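Have a look at work.cif; it's mmCIF, C-alpha atoms:
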data_input
#
loop_
_atom_site.group_PDB
_atom_site.id
_atom_site.type_symbol
_atom_site.label_atom_id
_atom_site.label_comp_id
_atom_site.auth_asym_id
_atom_site.auth_seq_id
_atom_site.Cartn_x
_atom_site.Cartn_y
_atom_site.Cartn_z
ATOM 1 C CA MET A 18 110.548 70.064 176.147
ATOM 2 C CA ILE A 19 110.970 70.174 179.920
ATOM 3 C CA GLU A 20 113.770 67.956 181.204
ATOM 4 C CA LEU A 21 112.003 65.493 183.496
ATOM 5 C CA PRO A 22 112.450 61.916 184.736
ATOM 6 C CA ARG A 23 111.279 59.294 182.234
ATOM 7 C CA GLY A 24 107.711 58.209 182.730
ATOM 8 C CA SER A 25 106.770 61.130 184.965
ATOM 9 C CA ALA A 26 103.403 61.849 186.560
ATOM 10 C CA THR A 27 101.877 64.683 188.558
ATOM 11 C CA GLY A 28 98.590 66.198 189.662
ATOM 12 C CA ILE A 29 96.855 69.123 188.007
ATOM 13 C CA GLY A 30 96.305 71.303 191.064
ATOM 14 C CA SER A 31 93.363 71.012 193.422
ATOM 15 C CA LEU A 32 92.789 68.329 196.036
ATOM 16 C CA PRO A 33 89.795 67.719 198.308
ATOM 17 C CA GLY A 34 89.570 68.630 201.969
ATOM 18 C CA VAL A 35 91.283 71.233 204.116
ATOM 19 C CA ASP A 36 94.303 69.331 205.468
ATOM 20 C CA LEU A 37 97.243 71.005 203.767
ATOM 21 C CA VAL A 38 99.825 68.986 205.708
ATOM 22 C CA GLU A 39 98.458 65.719 204.347
ATOM 23 C CA ALA A 40 98.037 67.171 200.839
ATOM 24 C CA VAL A 41 101.682 68.261 200.660
ATOM 25 C CA LYS A 42 102.836 64.904 202.025
ATOM 26 C CA VAL A 43 100.904 63.091 199.293
ATOM 27 C CA SER A 44 102.369 65.330 196.612
ATOM 28 C CA LEU A 45 105.974 65.087 197.788
ATOM 29 C CA GLY A 46 105.753 61.405 198.672
ATOM 30 C CA GLU A 47 103.828 59.915 195.780
ATOM 31 C CA LEU A 48 104.724 61.796 192.607
ATOM 32 C CA PRO A 49 107.807 62.115 190.375
ATOM 33 C CA ILE A 50 106.769 65.747 189.791
ATOM 34 C CA ALA A 51 105.738 67.163 193.156
ATOM 35 C CA TYR A 52 103.373 70.123 193.222
ATOM 36 C CA LEU A 53 101.970 72.613 195.705
ATOM 37 C CA PRO A 54 98.325 71.514 196.051
ATOM 38 C CA GLU A 55 95.384 73.903 196.079
ATOM 39 C CA LEU A 56 92.620 73.220 198.627
ATOM 40 C CA PRO A 57 89.568 75.245 197.512
ATOM 41 C CA GLY A 58 87.483 73.594 200.229
ATOM 42 C CA ARG A 59 88.992 76.089 202.677
ATOM 43 C CA GLY A 60 86.865 78.859 201.181
ATOM 44 C CA PRO A 61 87.268 82.104 199.211
ATOM 45 C CA GLY A 62 90.883 82.989 198.569
ATOM 46 C CA SER A 63 91.988 79.370 198.345
ATOM 47 C CA GLU A 64 90.143 78.610 195.096
ATOM 48 C CA MET A 65 91.667 79.192 191.652
ATOM 49 C CA ILE A 66 90.344 82.706 190.978
ATOM 50 C CA GLY A 67 90.884 84.059 194.488
ATOM 51 C CA ARG A 68 94.371 82.597 194.654
ATOM 52 C CA GLY A 69 95.244 84.072 191.264
ATOM 53 C CA ALA A 70 93.769 87.434 192.165
ATOM 54 C CA GLY A 71 95.940 87.474 195.265
ATOM 55 C CA LEU A 72 99.043 87.240 193.091
ATOM 56 C CA LEU A 73 98.259 90.481 191.238
ATOM 57 C CA VAL A 74 100.648 93.342 191.919
ATOM 58 C CA GLY A 75 99.137 96.798 192.321
ATOM 59 C CA LEU A 76 95.582 95.579 191.644
ATOM 60 C CA PRO A 77 93.888 94.896 194.990
ATOM 61 C CA VAL A 78 90.729 92.785 194.978
ATOM 62 C CA GLU A 79 87.740 92.133 197.185
ATOM 63 C CA LEU A 80 84.694 89.875 197.256
ATOM 64 C CA TYR A 81 81.371 91.473 196.351
ATOM 65 C CA THR A 82 78.174 89.421 196.120
ATOM 66 C CA GLY A 83 80.245 86.279 195.846
ATOM 67 C CA ARG A 84 82.447 87.512 192.989
ATOM 68 C CA TRP A 85 85.975 88.918 192.949
ATOM 69 C CA ARG A 86 86.350 92.492 191.776
ATOM 70 C CA ILE A 87 89.054 95.137 191.538
ATOM 71 C CA ALA A 88 89.027 97.341 194.647
ATOM 72 C CA SER A 89 90.480 100.734 195.522
ATOM 73 C CA ARG A 90 92.552 99.132 198.279
ATOM 74 C CA GLY A 91 93.103 95.740 199.838
ATOM 75 C CA GLY A 92 90.946 94.639 202.745
ATOM 76 C CA ARG A 93 89.983 91.540 204.704
ATOM 77 C CA ASP A 94 89.385 89.362 201.621
ATOM 78 C CA LEU A 95 92.797 90.070 200.159
ATOM 79 C CA ARG A 96 94.508 89.555 203.512
ATOM 80 C CA ARG A 97 92.837 86.148 203.828
ATOM 81 C CA THR A 98 93.975 85.215 200.324
ATOM 82 C CA HIS A 99 97.569 86.210 201.080
ATOM 83 C CA ASP A 100 97.416 84.348 204.385
ATOM 84 C CA PHE A 101 96.327 81.118 202.678
ATOM 85 C CA LEU A 102 99.239 81.312 200.242
ATOM 86 C CA GLU A 103 101.772 82.217 202.931
ATOM 87 C CA ARG A 104 100.705 79.272 205.089
ATOM 88 C CA ASP A 105 100.869 76.986 202.076
ATOM 89 C CA LEU A 106 104.381 78.120 201.279
ATOM 90 C CA ASP A 107 105.419 77.719 204.905
ATOM 91 C CA GLN A 108 104.168 74.148 204.907
ATOM 92 C CA LEU A 109 105.904 73.424 201.615
ATOM 93 C CA THR A 110 109.148 74.884 202.981
ATOM 94 C CA GLU A 111 108.957 72.696 206.073
ATOM 95 C CA GLN A 112 108.125 69.429 204.331
ATOM 96 C CA ALA A 113 110.374 69.958 201.301
ATOM 97 C CA ASP A 114 113.506 70.489 203.369
ATOM 98 C CA GLY A 115 116.324 68.863 201.382
ATOM 99 C CA PHE A 116 114.053 68.294 198.373
ATOM 100 C CA ALA A 117 115.669 68.172 194.940
ATOM 101 C CA GLY A 118 113.742 67.702 191.707
ATOM 102 C CA PRO A 119 110.847 69.115 189.697
ATOM 103 C CA LEU A 120 108.268 71.093 191.682
ATOM 104 C CA LYS A 121 105.149 72.512 190.040
ATOM 105 C CA VAL A 122 103.077 75.483 191.181
ATOM 106 C CA GLN A 123 99.776 76.523 189.602
ATOM 107 C CA ALA A 124 98.060 79.841 188.949
ATOM 108 C CA ALA A 125 95.108 81.053 186.920
ATOM 109 C CA GLY A 126 96.151 82.533 183.589
ATOM 110 C CA PRO A 127 95.506 86.133 182.513
ATOM 111 C CA TRP A 128 92.408 85.436 180.423
ATOM 112 C CA THR A 129 90.685 83.202 182.934
ATOM 113 C CA LEU A 130 91.246 85.920 185.537
ATOM 114 C CA ALA A 131 90.059 88.645 183.147
ATOM 115 C CA ALA A 132 86.859 86.678 182.510
ATOM 116 C CA SER A 133 86.241 86.042 186.208
ATOM 117 C CA ILE A 134 87.250 89.254 188.008
ATOM 118 C CA GLU A 135 85.035 92.310 187.724
ATOM 119 C CA LEU A 136 85.812 95.981 187.498
ATOM 120 C CA ALA A 137 84.405 98.283 190.172
ATOM 121 C CA LEU A 138 81.324 99.048 188.035
ATOM 122 C CA GLY A 139 80.417 95.397 187.613
ATOM 123 C CA GLN A 140 81.637 94.372 184.161
ATOM 124 C CA ALA A 141 84.380 91.761 183.841
ATOM 125 C CA VAL A 142 87.920 93.001 183.298
ATOM 126 C CA LEU A 143 87.534 91.261 179.940
ATOM 127 C CA SER A 144 85.188 94.064 178.838
ATOM 128 C CA ASP A 145 87.974 96.662 178.887
ATOM 129 C CA HIS A 146 90.985 96.089 176.624
ATOM 130 C CA GLY A 147 93.222 98.396 178.662
ATOM 131 C CA ALA A 148 92.173 96.815 181.956
ATOM 132 C CA ALA A 149 92.846 93.343 180.588
ATOM 133 C CA ARG A 150 96.322 94.426 179.540
ATOM 134 C CA ASP A 151 96.967 95.946 182.982
ATOM 135 C CA LEU A 152 95.856 92.698 184.603
ATOM 136 C CA SER A 153 98.201 90.602 182.463
ATOM 137 C CA GLU A 154 101.124 92.896 183.325
ATOM 138 C CA SER A 155 100.219 92.762 187.013
ATOM 139 C CA LEU A 156 99.958 88.965 186.932
ATOM 140 C CA ALA A 157 103.267 88.652 185.076
ATOM 141 C CA GLU A 158 105.039 90.567 187.832
ATOM 142 C CA GLY A 159 103.215 88.681 190.582
ATOM 143 C CA LEU A 160 104.121 85.302 189.137
ATOM 144 C CA ARG A 161 107.744 86.342 188.648
ATOM 145 C CA VAL A 162 107.898 87.151 192.365
ATOM 146 C CA HIS A 163 106.006 83.962 193.302
ATOM 147 C CA VAL A 164 108.306 81.667 191.327
ATOM 148 C CA ALA A 165 111.362 83.376 192.802
ATOM 149 C CA GLU A 166 109.945 82.920 196.315
ATOM 150 C CA VAL A 167 109.293 79.205 195.765
ATOM 151 C CA ARG A 168 112.820 78.816 194.411
ATOM 152 C CA ARG A 169 114.222 80.661 197.450
ATOM 153 C CA ARG A 170 112.291 78.481 199.887
ATOM 154 C CA VAL A 171 113.113 75.199 198.135
ATOM 155 C CA PRO A 172 116.593 75.753 196.649
ATOM 156 C CA GLY A 173 116.842 72.243 195.184
ATOM 157 C CA ALA A 174 113.607 72.571 193.220
ATOM 158 C CA GLN A 175 113.353 72.749 189.455
ATOM 159 C CA VAL A 176 110.315 75.056 189.513
ATOM 160 C CA ILE A 177 107.643 74.598 186.852
ATOM 161 C CA LEU A 178 104.754 77.052 186.537
ATOM 162 C CA GLN A 179 101.355 75.813 185.377
ATOM 163 C CA LEU A 180 98.957 78.443 184.038
ATOM 164 C CA ASP A 181 95.307 77.371 184.211
ATOM 165 C CA GLU A 182 93.293 78.777 181.297
ATOM 166 C CA PRO A 183 89.907 76.983 181.307
ATOM 167 C CA SER A 184 88.101 80.146 180.163
ATOM 168 C CA LEU A 185 90.353 81.044 177.235
ATOM 169 C CA PRO A 186 88.373 79.136 174.560
ATOM 170 C CA ALA A 187 85.211 81.002 175.610
ATOM 171 C CA VAL A 188 87.129 84.305 175.626
ATOM 172 C CA LEU A 189 88.315 83.706 172.062
ATOM 173 C CA ALA A 190 84.851 82.661 170.867
ATOM 174 C CA GLY A 191 82.929 85.472 172.575
ATOM 175 C CA ARG A 192 81.033 83.046 174.820
ATOM 176 C CA VAL A 193 81.769 84.608 178.233
ATOM 177 C CA ARG A 194 78.461 85.801 179.651
ATOM 178 C CA THR A 195 77.901 89.079 181.460
ATOM 179 C CA ALA A 196 76.807 89.018 185.106
ATOM 180 C CA SER A 197 73.150 89.212 184.065
ATOM 181 C CA GLY A 198 73.548 86.207 181.801
ATOM 182 C CA LEU A 199 71.636 88.016 179.048
ATOM 183 C CA HIS A 200 74.631 89.025 176.931
ATOM 184 C CA THR A 201 78.174 87.944 176.135
ATOM 185 C CA TYR A 202 81.384 89.927 175.993
ATOM 186 C CA ARG A 203 82.946 90.514 172.605
ATOM 187 C CA SER A 204 85.520 88.007 171.496
ATOM 188 C CA VAL A 205 89.229 88.656 171.945
ATOM 189 C CA ALA A 206 91.464 88.350 168.891
ATOM 190 C CA GLU A 207 93.992 85.519 168.991
ATOM 191 C CA SER A 208 96.837 87.983 168.532
ATOM 192 C CA VAL A 209 95.744 89.929 171.621
ATOM 193 C CA ALA A 210 95.285 86.740 173.656
ATOM 194 C CA ARG A 211 98.695 85.473 172.556
ATOM 195 C CA GLU A 212 100.379 88.781 173.461
ATOM 196 C CA ALA A 213 99.076 88.689 177.039
ATOM 197 C CA LEU A 214 99.912 85.031 177.511
ATOM 198 C CA THR A 215 103.410 85.560 176.095
ATOM 199 C CA ARG A 216 103.947 88.427 178.521
ATOM 200 C CA VAL A 217 103.207 86.148 181.483
ATOM 201 C CA VAL A 218 105.207 83.205 180.126
ATOM 202 C CA GLU A 219 108.305 85.333 179.499
ATOM 203 C CA ALA A 220 108.160 86.948 182.940
ATOM 204 C CA ALA A 221 107.958 83.681 184.879
ATOM 205 C CA ASP A 222 111.657 82.747 184.651
ATOM 206 C CA ALA A 223 110.641 79.070 184.706
ATOM 207 C CA PRO A 224 109.268 76.523 182.240
ATOM 208 C CA VAL A 225 105.543 77.172 181.794
ATOM 209 C CA VAL A 226 102.853 74.556 181.197
ATOM 210 C CA VAL A 227 99.466 75.866 180.072
ATOM 211 C CA HIS A 228 96.529 73.772 181.236
ATOM 212 C CA CYS A 229 93.147 73.795 179.500
ATOM 213 C CA CYS A 230 90.708 70.894 179.744
ATOM 214 C CA ALA A 231 88.117 72.383 177.357
ATOM 215 C CA PRO A 232 87.314 70.531 174.101
ATOM 216 C CA ASP A 233 88.502 73.491 171.993
ATOM 217 C CA ALA A 234 91.735 74.239 173.841
ATOM 218 C CA PRO A 235 93.817 76.583 171.612
ATOM 219 C CA VAL A 236 96.898 74.370 171.582
ATOM 220 C CA ASN A 237 98.651 76.261 168.785
ATOM 221 C CA LEU A 238 98.223 79.547 170.650
ATOM 222 C CA PHE A 239 99.850 78.049 173.746
ATOM 223 C CA ARG A 240 102.794 76.860 171.679
ATOM 224 C CA GLU A 241 103.178 80.224 169.950
ATOM 225 C CA ALA A 242 103.083 82.017 173.330
ATOM 226 C CA GLY A 243 106.226 80.185 174.390
ATOM 227 C CA ALA A 244 104.837 77.432 176.608
ATOM 228 C CA ALA A 245 107.211 74.550 177.312
ATOM 229 C CA GLY A 246 104.305 72.154 177.808
ATOM 230 C CA VAL A 247 100.549 71.839 177.463
ATOM 231 C CA ALA A 248 98.187 69.979 179.827
ATOM 232 C CA LEU A 249 95.048 68.513 178.231
ATOM 233 C CA ASP A 250 92.206 66.156 179.104
ATOM 234 C CA LEU A 251 92.673 63.407 176.499
ATOM 235 C CA ASP A 252 88.941 62.648 176.470
ATOM 236 C CA GLN A 253 88.230 66.239 175.416
ATOM 237 C CA VAL A 254 90.753 66.400 172.574
ATOM 238 C CA LYS A 255 88.849 66.439 169.279
ATOM 239 C CA GLN A 256 91.648 67.478 166.915
ATOM 240 C CA LEU A 257 94.893 65.522 167.210
ATOM 241 C CA ASP A 258 96.871 67.456 164.584
ATOM 242 C CA PRO A 259 97.627 70.442 166.897
ATOM 243 C CA VAL A 260 98.745 67.990 169.599
ATOM 244 C CA GLY A 261 101.067 66.332 167.106
ATOM 245 C CA GLU A 262 102.477 69.721 166.138
ATOM 246 C CA LEU A 263 103.277 70.637 169.740
ATOM 247 C CA ILE A 264 105.028 67.296 170.266
ATOM 248 C CA ASP A 265 106.914 67.737 167.006
ATOM 249 C CA ALA A 266 107.974 71.186 168.235
ATOM 250 C CA GLY A 267 109.497 69.577 171.339
ATOM 251 C CA LEU A 268 106.885 70.562 173.923
ATOM 252 C CA THR A 269 105.962 68.268 176.806
ATOM 253 C CA LEU A 270 102.440 66.841 176.834
ATOM 254 C CA PHE A 271 100.792 66.601 180.249
ATOM 255 C CA ALA A 272 98.280 63.911 179.335
ATOM 256 C CA GLY A 273 95.095 63.950 181.416
ATOM 257 C CA ALA A 274 94.151 60.297 181.302
ATOM 258 C CA ALA A 275 92.319 59.507 184.562
ATOM 259 C CA ALA A 276 88.808 60.538 185.610
ATOM 260 C CA THR A 277 88.713 63.104 188.401
ATOM 261 C CA ARG A 278 86.026 61.381 190.443
ATOM 262 C CA GLY A 279 84.364 58.025 190.890
ATOM 263 C CA THR A 280 83.943 55.182 193.326
ATOM 264 C CA ARG A 281 87.137 53.472 192.274
ATOM 265 C CA ALA A 282 90.204 54.879 190.557
ATOM 266 C CA PRO A 283 91.134 53.429 187.151
ATOM 267 C CA SER A 284 94.019 50.998 187.146
ATOM 268 C CA SER A 285 97.480 52.112 186.128
ATOM 269 C CA ALA A 286 97.247 49.737 183.147
ATOM 270 C CA THR A 287 94.041 51.405 181.944
ATOM 271 C CA ILE A 288 95.577 54.869 182.260
ATOM 272 C CA ALA A 289 98.786 53.808 180.503
ATOM 273 C CA ASP A 290 96.819 52.211 177.657
ATOM 274 C CA LYS A 291 94.862 55.433 177.095
ATOM 275 C CA VAL A 292 98.056 57.471 176.847
ATOM 276 C CA ARG A 293 99.781 54.881 174.650
ATOM 277 C CA THR A 294 96.795 54.659 172.269
ATOM 278 C CA THR A 295 96.771 58.438 171.781
ATOM 279 C CA TRP A 296 100.523 58.429 171.188
ATOM 280 C CA GLN A 297 100.318 55.610 168.645
ATOM 281 C CA THR A 298 97.504 57.410 166.816
ATOM 282 C CA LEU A 299 99.764 60.453 166.539
ATOM 283 C CA GLY A 300 102.404 58.235 164.949
ATOM 284 C CA PHE A 301 105.408 59.051 167.111
ATOM 285 C CA SER A 302 108.092 56.617 168.188
ATOM 286 C CA GLU A 303 107.194 54.558 171.257
ATOM 287 C CA SER A 304 110.630 55.218 172.754
ATOM 288 C CA GLN A 305 109.945 58.974 172.643
ATOM 289 C CA LEU A 306 106.767 58.719 174.740
ATOM 290 C CA PRO A 307 108.238 58.532 178.293
ATOM 291 C CA GLU A 308 110.599 61.415 177.476
ATOM 292 C CA GLN A 309 107.882 63.797 176.373
ATOM 293 C CA VAL A 310 104.698 62.788 178.211
ATOM 294 C CA VAL A 311 103.685 63.354 181.833
ATOM 295 C CA VAL A 312 100.674 61.370 183.078
ATOM 296 C CA THR A 313 98.050 63.337 185.042
ATOM 297 C CA PRO A 314 94.413 63.174 186.086
ATOM 298 C CA ALA A 315 92.067 64.801 183.581
ATOM 299 C CA CYS A 316 91.731 67.913 185.756
ATOM 300 C CA GLY A 317 91.777 68.989 189.393
ATOM 301 C CA LEU A 318 90.612 66.597 192.099
ATOM 302 C CA ALA A 319 88.759 68.956 194.463
ATOM 303 C CA GLY A 320 85.463 67.179 193.743
ATOM 304 C CA ALA A 321 86.785 63.715 194.586
ATOM 305 C CA THR A 322 86.927 61.979 197.944
ATOM 306 C CA PRO A 323 90.333 62.108 199.653
ATOM 307 C CA ALA A 324 90.707 58.339 199.187
ATOM 308 C CA TYR A 325 89.912 58.508 195.469
ATOM 309 C CA ALA A 326 92.254 61.467 194.949
ATOM 310 C CA ARG A 327 95.173 59.602 196.489
ATOM 311 C CA GLU A 328 94.368 56.405 194.572
ATOM 312 C CA VAL A 329 94.218 58.188 191.228
ATOM 313 C CA LEU A 330 97.516 60.011 191.803
ATOM 314 C CA VAL A 331 99.208 56.716 192.690
ATOM 315 C CA ALA A 332 97.652 55.110 189.597
ATOM 316 C CA CYS A 333 99.022 57.944 187.422
ATOM 317 C CA ARG A 334 102.474 57.442 188.954
ATOM 318 C CA GLU A 335 102.372 53.718 188.224
ATOM 319 C CA ALA A 336 101.068 54.370 184.702
ATOM 320 C CA GLY A 337 104.079 56.594 184.084
ATOM 321 C CA ARG A 338 106.353 53.772 185.214
ATOM 322 C CA ARG A 339 104.610 51.361 182.859
ATOM 323 C CA LEU A 340 105.114 53.758 179.957
ATOM 324 C CA ALA A 341 108.803 54.066 180.793
ATOM 325 C CA GLU A 342 109.257 50.321 180.398
ATOM 326 C CA VAL A 343 109.830 50.491 176.646
#
If you convert what's in this file into structure tokens, what do you get?
Amino acid sequence: MIELPRGSATGIGSLPGVDLVEAVKVSLGELPIAYLPELPGRGPGSEMIGRGAGLLVGLPVELYTGRWRIASRGGRDLRRTHDFLERDLDQLTEQADGFAGPLKVQAAGPWTLAASIELALGQAVLSDHGAARDLSESLAEGLRVHVAEVRRRVPGAQVILQLDEPSLPAVLAGRVRTASGLHTYRSVAESVAREALTRVVEAADAPVVVHCCAPDAPVNLFREAGAAGVALDLDQVKQLDPVGELIDAGLTLFAGAAATRGTRAPSSATIADKVRTTWQTLGFSESQLPEQVVVTPACGLAGATPAYAREVLVACREAGRRLAEV
């Protein structure tokens, strides 16, 4: 379990728009667990896959026909990706001066990257066992450096790393389609998937939360890989037993309980009731809930309006406060 303030709340990662200054202000000013927002609206290199690819060490990437692929050397696309991240970190450093408390950063996990980045000949990294291993090792080193840099820039921060693995269920089930769409890549064994994820988790030197909002999120695999927390969309959870096991094992549940878009954000009472109902169904003590649950939107908010995104983050914060009033 990650040591956090009772009744905490945070965002998952992405926010709408291109105004990083405002996005960081919202994060630092509104949430018990601040986070470095991602603004994919700025274009390639600022979205989840491009940002994650830019963190790889010794594996340069480039854009080709709208897809990221491994390149022989870095070029304009990689420089733009690094520039986005550097500017984001500069803005975080400036606005978080004197900050003390939990601070979350996000990055695509090894299997989501392996399913989304192509080799030079056009097949996904996922198609080559050795290449997938190299990518996980490269990402592990890149994230170790990234976490250390965030900690250096914001010395008072308790850094938390969130790994986004939306593609992992499809990787395990052999459902990732080739570029042509006519075939799928072979499935990856759970033991192989767990090994790569463990490698990244152990290298991070920070508590790791694995986020997956798919209906068949492999919760047990995340726990076995050493994650300190798991982030799930509560509406997508079909099997509660694995969730109960992770809570029983002391992990923190980042409970996605608010829709990511709409005309009006749900009330804090509605969000709190959803989290409380799930907790009661699991059968755990009510007093344990605010110690082990963080309230979040169901997923990223890039598709929402700026007004809705801010409203839903505030509603999650207030829902966390309601849950702490036990």
Hits from the PyMOL selection byres ((chain A and resi 225-240) around 8), listed as a PDB file with C-alpha atoms, in the coordinates of the input:
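And here's out-v7.pdb as it stands now:
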ATOM      1  CA  ILE A 177     107.643  74.598 186.852  1.00  0.00           C
ATOM      2  CA  LEU A 178     104.754  77.052 186.537  1.00  0.00           C
ATOM      3  CA  GLN A 179     101.355  75.813 185.377  1.00  0.00           C
ATOM      4  CA  LEU A 180      98.957  78.443 184.038  1.00  0.00           C
ATOM      5  CA  ASP A 181      95.307  77.371 184.211  1.00  0.00           C
ATOM      6  CA  GLU A 182      93.293  78.777 181.297  1.00  0.00           C
ATOM      7  CA  PRO A 183      89.907  76.983 181.307  1.00  0.00           C
ATOM      8  CA  LEU A 185      90.353  81.044 177.235  1.00  0.00           C
ATOM      9  CA  PRO A 186      88.373  79.136 174.560  1.00  0.00           C
ATOM     10  CA  GLU A 207      93.992  85.519 168.991  1.00  0.00           C
ATOM     11  CA  ARG A 211      98.695  85.473 172.556  1.00  0.00           C
ATOM     12  CA  LEU A 214      99.912  85.031 177.511  1.00  0.00           C
ATOM     13  CA  VAL A 218     105.207  83.205 180.126  1.00  0.00           C
ATOM     14  CA  ALA A 221     107.958  83.681 184.879  1.00  0.00           C
ATOM     15  CA  ALA A 223     110.641  79.070 184.706  1.00  0.00           C
ATOM     16  CA  PRO A 224     109.268  76.523 182.240  1.00  0.00           C
ATOM     17  CA  GLU A 241     103.178  80.224 169.950  1.00  0.00           C
ATOM     18  CA  ALA A 242     103.083  82.017 173.330  1.00  0.00           C
ATOM     19  CA  GLY A 243     106.226  80.185 174.390  1.00  0.00           C
ATOM     20  CA  ALA A 244     104.837  77.432 176.608  1.00  0.00           C
ATOM     21  CA  ALA A 245     107.211  74.550 177.312  1.00  0.00           C
ATOM     22  CA  GLY A 246     104.305  72.154 177.808  1.00  0.00           C
ATOM     23  CA  VAL A 247     100.549  71.839 177.463  1.00  0.00           C
ATOM     24  CA  ALA A 248      98.187  69.979 179.827  1.00  0.00           C
ATOM     25  CA  LEU A 249      95.048  68.513 178.231  1.00  0.00           C
ATOM     26  CA  ASP A 250      92.206  66.156 179.104  1.00  0.00           C
ATOM     27  CA  GLN A 253      88.230  66.239 175.416  1.00  0.00           C
ATOM     28  CA  VAL A 254      90.753  66.400 172.574  1.00  0.00           C
ATOM     29  CA  LYS A 255      88.849  66.439 169.279  1.00  0.00           C
ATOM     30  CA  PRO A 259      97.627  70.442 166.897  1.00  0.00           C
ATOM     31  CA  VAL A 260      98.745  67.990 169.599  1.00  0.00           C
ATOM     32  CA  LEU A 263     103.277  70.637 169.740  1.00  0.00           C
ATOM     33  CA  LEU A 268     106.885  70.562 173.923  1.00  0.00           C
ATOM     34  CA  ALA A 315      92.067  64.801 183.581  1.00  0.00           C
ATOM     35  CA  CYS A 316      91.731  67.913 185.756  1.00  0.00           C
TER      36      CYS A 316
END
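Atom CA of A:Gln305 to atom CA of A:Leu270 spans 11.7 Å [interatomic distance, one decimal].
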Report task. Scan for residues within 8 Å of the point (85.6, 89.8, 174.6) in the coordinates of the file, using all atoms listed in the file, and reply as a PyMOL selection string. Result -> chain A and resi 143-144+188-189+191+193+201-205
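Atom CA of A:Ile87 is found 6.2 Å from atom CA of A:Glu135.
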Requested in this report: List the residues selected by the PyMOL selection byres ((chain A and resi 107-109) around 9) in the file shown, writing them as a count of residues only.
Outcome: 17
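In this model, the gap between atom CA of A:Thr98 and atom CA of A:Pro33 comes to 18.1 Å.
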Report task. Extract, using all atoms listed in the file, all DNA, RNA and protein residues at most 8 Å from A:Leu152, discarding same-chain residues fewer than 4 positions from it, and format them as number ranges by chain. Result -> A: 73, 76, 127, 131, 148, 156
Query - Residue IDs satisfying the PyMOL selection byres ((chain A and resi 313) around 10), as a ChimeraX atom specification - result: /A:25-29,248-250,270-277,288,310-312,314-317,329-330,332-334,336-337
